[in-house]
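Participant: Got a structure here, written out as structure tokens. Questions coming.
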Amino acid sequence: MKINLANIKKAQKLLIKRECVAIPTETVYGLAANAYSDIACKKIYKLKKRPRNNPLIVHYLNNQILKKDCNFNNDFLKLYKKFCPGPITFILNLKKKSKISKIITNKKNTLAVRFPRHPVTRKLLKNISFPLAAPSANLSSKVSAVSSADVRDDFGKRVKYILEGGKSSIGLESTIIDIRNKPKVLRLGGLEISVIEKTLNKKIIFKNNPSKISAPGQFKIHYSPGIPIRLNAKKIKKDEAYLSIKKLKKNKSNFYFLSKNGSLKEAAKNLYSTLRKIKKNKHKSIAVNKVPNIGLGKTINDRLKRASKF
Ligand code: AMP
Ligand code: MG
């Protein structure tokens, strides 16, 4: 994608003035602000209506810059080399002298960090002297935004500027891994656990235990399109949309599909935009056909399951 420098300048100016700007990433769009400024970070919580105890992911250009704020270990470096920039978020220990705003860490001594791959946001990060705190650019507990139009739909004029970056290429949030001791995945995401295991040559712990929440991406109700979802549905009710992973031979106006031939990568990319489209088309609920529980299918099922707790 061609980078429009005038747009980057506009975003840069607003961020320096401690305003929020929506930014494109390969996972989903983010609602970004200066991670060193309390004033700027408070604006994110207010705009998103996000509970103050839900900490934010901070986005860096590279690990050299991150050195100022966090300590890292060998496991981090291995994964960084292999997957960054990319859809993986690390939980690390904060350095005492770090300038990261206390607003976004929920007073913990840990920080969630990520290195986005999207060229527009990388160019923006090169042009500013602070990292960007950025949760997904959607209203709290709702479906994430994967295009500038989605962000506009959720926030209208309340977001001062949306940096255009086309549709997010992955379409699911990052995989969150606590890398400080025994590696532990806290949220499934755009990078599969099996490839992380291969790189570290270690078994990764993943316990989906919502009674002991350390990353609210683990909350049971999340990613909701605002209408009920039924999983593994066999029959379709009146006014209901039918969602399947692959295009069916039989096609009706209330049928939606996530990929042409069942590709999980394509399905992941289309998941949130299709849920938004179904809601816009005024269906009352969604019946979802079975999604294979392998690879990215696990992340898709995780999101659908949480979305179904409406
Ligand atoms: P989102 O708001 O969609 O960008 O998701 C960010 C996720 O990262 C949320 O589930 C947060 O709770 C999680 N997170 C951020 N910082 C931390 C941290 N220090 N420890 C654990 N989880 C975190
Ligand atoms: Mg989110």
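Convention: chains lettered A, B, ... in structure tokens order; per-chain residue numbering from 1; ligands numbered from 1 as shown.
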Distance limit 12 Å, reference ligand 2, atoms considered: only C-alpha atoms and all ligand atoms. Which residues make the cut? Give them as a ChimeraX atom specification.

Facilitator: /A:27-31,45,48-51,54-57,134-146,172-174,187,189,215-219,221-224,272,303

Participant: Neighbours of segment 244-257 of chain A within 7 Å (only C-alpha atoms; same-chain residues fewer than 6 positions away dropped), as a list of chain:residue names?

Facilitator: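 Here the qualifying residues turn out to be A:Ala267, A:Val288, A:Asn289, A:Val291.
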
Participant: Take the residues from that selection and put them in a file with C-alpha atoms, as a PDB file, in the first residue's frame.

Facilitator:
```
ATOM      1  CA  ALA A 267     -12.270 -16.583   7.244  1.00  0.00           C
ATOM      2  CA  VAL A 288     -23.291 -20.160  12.881  1.00  0.00           C
ATOM      3  CA  ASN A 289     -22.282 -23.396  11.198  1.00  0.00           C
ATOM      4  CA  VAL A 291     -15.946 -23.973  12.373  1.00  0.00           C
TER       5      VAL A 291
END
```

Participant: Fewer than 6 positions away in the same chain doesn't count, so skip those; otherwise give me all residues within 12 Å of Lys280 of chain A, counting only C-alpha atoms, as a ChimeraX atom specification.

Facilitator: /A:150,153,225-227,241,273-274

Participant: Please produce a file of the residues just selected, as a PDB file, in the first residue's frame, where the atoms kept are all heavy atoms.

Facilitator:
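That gives us result.pdb:
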```pdb
ATOM      1  N   ASP A 150     -15.313   1.045   9.716  1.00  0.00           N
ATOM      2  CA  ASP A 150     -15.781   0.440  10.976  1.00  0.00           C
ATOM      3  C   ASP A 150     -15.532   1.405  12.146  1.00  0.00           C
ATOM      4  O   ASP A 150     -16.375   1.562  13.033  1.00  0.00           O
ATOM      5  CB  ASP A 150     -15.009  -0.850  11.301  1.00  0.00           C
ATOM      6  CG  ASP A 150     -15.322  -1.986  10.342  1.00  0.00           C
ATOM      7  OD1 ASP A 150     -16.311  -1.886   9.596  1.00  0.00           O
ATOM      8  OD2 ASP A 150     -14.559  -2.979  10.361  1.00  0.00           O
ATOM      9  N   ASP A 153     -18.014   4.156  12.040  1.00  0.00           N
ATOM     10  CA  ASP A 153     -19.341   3.663  12.461  1.00  0.00           C
ATOM     11  C   ASP A 153     -19.453   3.676  13.984  1.00  0.00           C
ATOM     12  O   ASP A 153     -20.496   4.019  14.531  1.00  0.00           O
ATOM     13  CB  ASP A 153     -19.542   2.209  12.000  1.00  0.00           C
ATOM     14  CG  ASP A 153     -20.094   2.148  10.602  1.00  0.00           C
ATOM     15  OD1 ASP A 153     -20.427   3.211  10.043  1.00  0.00           O
ATOM     16  OD2 ASP A 153     -20.171   1.031  10.051  1.00  0.00           O
ATOM     17  N   PRO A 225     -21.465  -8.637  18.386  1.00  0.00           N
ATOM     18  CA  PRO A 225     -21.988  -7.801  17.309  1.00  0.00           C
ATOM     19  C   PRO A 225     -23.267  -7.063  17.719  1.00  0.00           C
ATOM     20  O   PRO A 225     -23.799  -6.275  16.947  1.00  0.00           O
ATOM     21  CB  PRO A 225     -22.283  -8.808  16.201  1.00  0.00           C
ATOM     22  CG  PRO A 225     -22.554 -10.083  16.908  1.00  0.00           C
ATOM     23  CD  PRO A 225     -21.725 -10.061  18.176  1.00  0.00           C
ATOM     24  N   GLY A 226     -23.791  -7.339  18.918  1.00  0.00           N
ATOM     25  CA  GLY A 226     -24.985  -6.630  19.387  1.00  0.00           C
ATOM     26  C   GLY A 226     -26.277  -7.379  19.114  1.00  0.00           C
ATOM     27  O   GLY A 226     -27.358  -6.888  19.423  1.00  0.00           O
ATOM     28  N   ILE A 227     -26.205  -8.548  18.487  1.00  0.00           N
ATOM     29  CA  ILE A 227     -27.376  -9.425  18.328  1.00  0.00           C
ATOM     30  C   ILE A 227     -26.959 -10.839  18.751  1.00  0.00           C
ATOM     31  O   ILE A 227     -25.780 -11.163  18.700  1.00  0.00           O
ATOM     32  CB  ILE A 227     -27.943  -9.435  16.876  1.00  0.00           C
ATOM     33  CG1 ILE A 227     -26.828  -9.708  15.856  1.00  0.00           C
ATOM     34  CG2 ILE A 227     -28.672  -8.157  16.543  1.00  0.00           C
ATOM     35  CD1 ILE A 227     -27.325  -9.839  14.427  1.00  0.00           C
ATOM     36  N   ALA A 241     -29.754 -14.671  10.338  1.00  0.00           N
ATOM     37  CA  ALA A 241     -28.737 -14.815   9.296  1.00  0.00           C
ATOM     38  C   ALA A 241     -28.010 -16.129   9.527  1.00  0.00           C
ATOM     39  O   ALA A 241     -27.863 -16.565  10.662  1.00  0.00           O
ATOM     40  CB  ALA A 241     -27.753 -13.662   9.386  1.00  0.00           C
ATOM     41  N   SER A 273     -15.833  -8.117   9.873  1.00  0.00           N
ATOM     42  CA  SER A 273     -16.576  -7.288   8.912  1.00  0.00           C
ATOM     43  C   SER A 273     -17.897  -7.957   8.562  1.00  0.00           C
ATOM     44  O   SER A 273     -18.917  -7.282   8.363  1.00  0.00           O
ATOM     45  CB  SER A 273     -15.748  -7.004   7.664  1.00  0.00           C
ATOM     46  OG  SER A 273     -15.200  -8.195   7.167  1.00  0.00           O
ATOM     47  N   THR A 274     -17.923  -9.303   8.527  1.00  0.00           N
ATOM     48  CA  THR A 274     -19.177  -9.999   8.199  1.00  0.00           C
ATOM     49  C   THR A 274     -20.171  -9.879   9.357  1.00  0.00           C
ATOM     50  O   THR A 274     -21.366  -9.661   9.132  1.00  0.00           O
ATOM     51  CB  THR A 274     -18.902 -11.486   7.868  1.00  0.00           C
ATOM     52  OG1 THR A 274     -17.860 -11.543   6.905  1.00  0.00           O
ATOM     53  CG2 THR A 274     -20.136 -12.174   7.319  1.00  0.00           C
TER      54      THR A 274
END
```

Participant: Can you pull out the residues contacting Arg230 of chain A? Cut-off 12 Å, using only C-alpha atoms, and skip same-chain residues under 5 positions away; I want them as a list in words.

Facilitator: Lys235, Ile236, Lys237, Glu240, Ala241, Tyr242, Leu243, Lys284, Ser285, Ile286, Ala287, Val288, Asn289, Lys290, Asn301, Leu304, Lys305, Arg306, Ala307, Ser308, Lys309 and Phe310 of chain A

Participant: Restrict the selected residues to N, CA and C atoms and save them as a PDB file, in the first residue's frame.

Facilitator:
```
ATOM      1  N   LYS A 235     -30.660 -25.652  12.311  1.00  0.00           N
ATOM      2  CA  LYS A 235     -31.783 -25.056  11.567  1.00  0.00           C
ATOM      3  C   LYS A 235     -31.770 -23.538  11.714  1.00  0.00           C
ATOM      4  N   ILE A 236     -32.277 -22.855  10.702  1.00  0.00           N
ATOM      5  CA  ILE A 236     -32.279 -21.387  10.745  1.00  0.00           C
ATOM      6  C   ILE A 236     -33.673 -20.884  11.091  1.00  0.00           C
ATOM      7  N   LYS A 237     -33.720 -19.895  12.012  1.00  0.00           N
ATOM      8  CA  LYS A 237     -35.023 -19.335  12.401  1.00  0.00           C
ATOM      9  C   LYS A 237     -35.381 -18.164  11.486  1.00  0.00           C
ATOM     10  N   GLU A 240     -33.320 -14.756  10.853  1.00  0.00           N
ATOM     11  CA  GLU A 240     -31.968 -15.066  11.286  1.00  0.00           C
ATOM     12  C   GLU A 240     -31.008 -15.097  10.082  1.00  0.00           C
ATOM     13  N   ALA A 241     -29.754 -14.671  10.338  1.00  0.00           N
ATOM     14  CA  ALA A 241     -28.737 -14.815   9.296  1.00  0.00           C
ATOM     15  C   ALA A 241     -28.010 -16.129   9.527  1.00  0.00           C
ATOM     16  N   TYR A 242     -27.559 -16.751   8.426  1.00  0.00           N
ATOM     17  CA  TYR A 242     -26.828 -18.009   8.550  1.00  0.00           C
ATOM     18  C   TYR A 242     -25.384 -17.764   8.128  1.00  0.00           C
ATOM     19  N   LEU A 243     -24.461 -18.065   9.029  1.00  0.00           N
ATOM     20  CA  LEU A 243     -23.045 -17.786   8.751  1.00  0.00           C
ATOM     21  C   LEU A 243     -22.278 -19.091   8.631  1.00  0.00           C
ATOM     22  N   LYS A 284     -32.045 -10.375  13.023  1.00  0.00           N
ATOM     23  CA  LYS A 284     -32.294 -10.316  14.464  1.00  0.00           C
ATOM     24  C   LYS A 284     -31.305 -11.179  15.256  1.00  0.00           C
ATOM     25  N   SER A 285     -30.773 -12.204  14.581  1.00  0.00           N
ATOM     26  CA  SER A 285     -29.792 -13.066  15.250  1.00  0.00           C
ATOM     27  C   SER A 285     -28.959 -13.800  14.189  1.00  0.00           C
ATOM     28  N   ILE A 286     -27.926 -14.524  14.664  1.00  0.00           N
ATOM     29  CA  ILE A 286     -27.032 -15.211  13.727  1.00  0.00           C
ATOM     30  C   ILE A 286     -26.901 -16.687  14.115  1.00  0.00           C
ATOM     31  N   ALA A 287     -27.104 -17.550  13.147  1.00  0.00           N
ATOM     32  CA  ALA A 287     -26.865 -18.982  13.365  1.00  0.00           C
ATOM     33  C   ALA A 287     -25.541 -19.320  12.685  1.00  0.00           C
ATOM     34  N   VAL A 288     -24.612 -19.880  13.456  1.00  0.00           N
ATOM     35  CA  VAL A 288     -23.291 -20.160  12.881  1.00  0.00           C
ATOM     36  C   VAL A 288     -23.083 -21.651  12.689  1.00  0.00           C
ATOM     37  N   ASN A 289     -22.630 -22.013  11.495  1.00  0.00           N
ATOM     38  CA  ASN A 289     -22.282 -23.396  11.198  1.00  0.00           C
ATOM     39  C   ASN A 289     -20.949 -23.721  11.892  1.00  0.00           C
ATOM     40  N   LYS A 290     -20.683 -25.005  12.072  1.00  0.00           N
ATOM     41  CA  LYS A 290     -19.469 -25.422  12.781  1.00  0.00           C
ATOM     42  C   LYS A 290     -18.187 -24.926  12.088  1.00  0.00           C
ATOM     43  N   ASN A 301     -13.251 -19.643  16.782  1.00  0.00           N
ATOM     44  CA  ASN A 301     -14.235 -20.241  17.701  1.00  0.00           C
ATOM     45  C   ASN A 301     -14.249 -19.530  19.050  1.00  0.00           C
ATOM     46  N   LEU A 304     -16.209 -16.329  18.531  1.00  0.00           N
ATOM     47  CA  LEU A 304     -17.641 -16.586  18.328  1.00  0.00           C
ATOM     48  C   LEU A 304     -18.299 -17.006  19.641  1.00  0.00           C
ATOM     49  N   LYS A 305     -17.568 -17.794  20.420  1.00  0.00           N
ATOM     50  CA  LYS A 305     -18.101 -18.265  21.686  1.00  0.00           C
ATOM     51  C   LYS A 305     -18.357 -17.085  22.625  1.00  0.00           C
ATOM     52  N   ARG A 306     -17.384 -16.172  22.715  1.00  0.00           N
ATOM     53  CA  ARG A 306     -17.569 -15.004  23.575  1.00  0.00           C
ATOM     54  C   ARG A 306     -18.679 -14.106  23.042  1.00  0.00           C
ATOM     55  N   ALA A 307     -18.722 -13.964  21.706  1.00  0.00           N
ATOM     56  CA  ALA A 307     -19.761 -13.132  21.091  1.00  0.00           C
ATOM     57  C   ALA A 307     -21.144 -13.717  21.334  1.00  0.00           C
ATOM     58  N   SER A 308     -21.229 -15.040  21.529  1.00  0.00           N
ATOM     59  CA  SER A 308     -22.524 -15.700  21.708  1.00  0.00           C
ATOM     60  C   SER A 308     -23.059 -15.554  23.119  1.00  0.00           C
ATOM     61  N   LYS A 309     -22.245 -15.014  24.045  1.00  0.00           N
ATOM     62  CA  LYS A 309     -22.693 -14.854  25.430  1.00  0.00           C
ATOM     63  C   LYS A 309     -23.475 -13.545  25.611  1.00  0.00           C
ATOM     64  N   PHE A 310     -24.032 -13.037  24.524  1.00  0.00           N
ATOM     65  CA  PHE A 310     -24.761 -11.762  24.493  1.00  0.00           C
ATOM     66  C   PHE A 310     -25.899 -11.738  25.499  1.00  0.00           C
TER      67      PHE A 310
END
```

Participant: With distances taken over only C-alpha atoms and all ligand atoms, which residue among A:His118, A:Lys82, A:Lys107, A:Lys202 lies nearest ligand 1?

Facilitator: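 Result for the nearest residue to ligand 1: A:Lys107.
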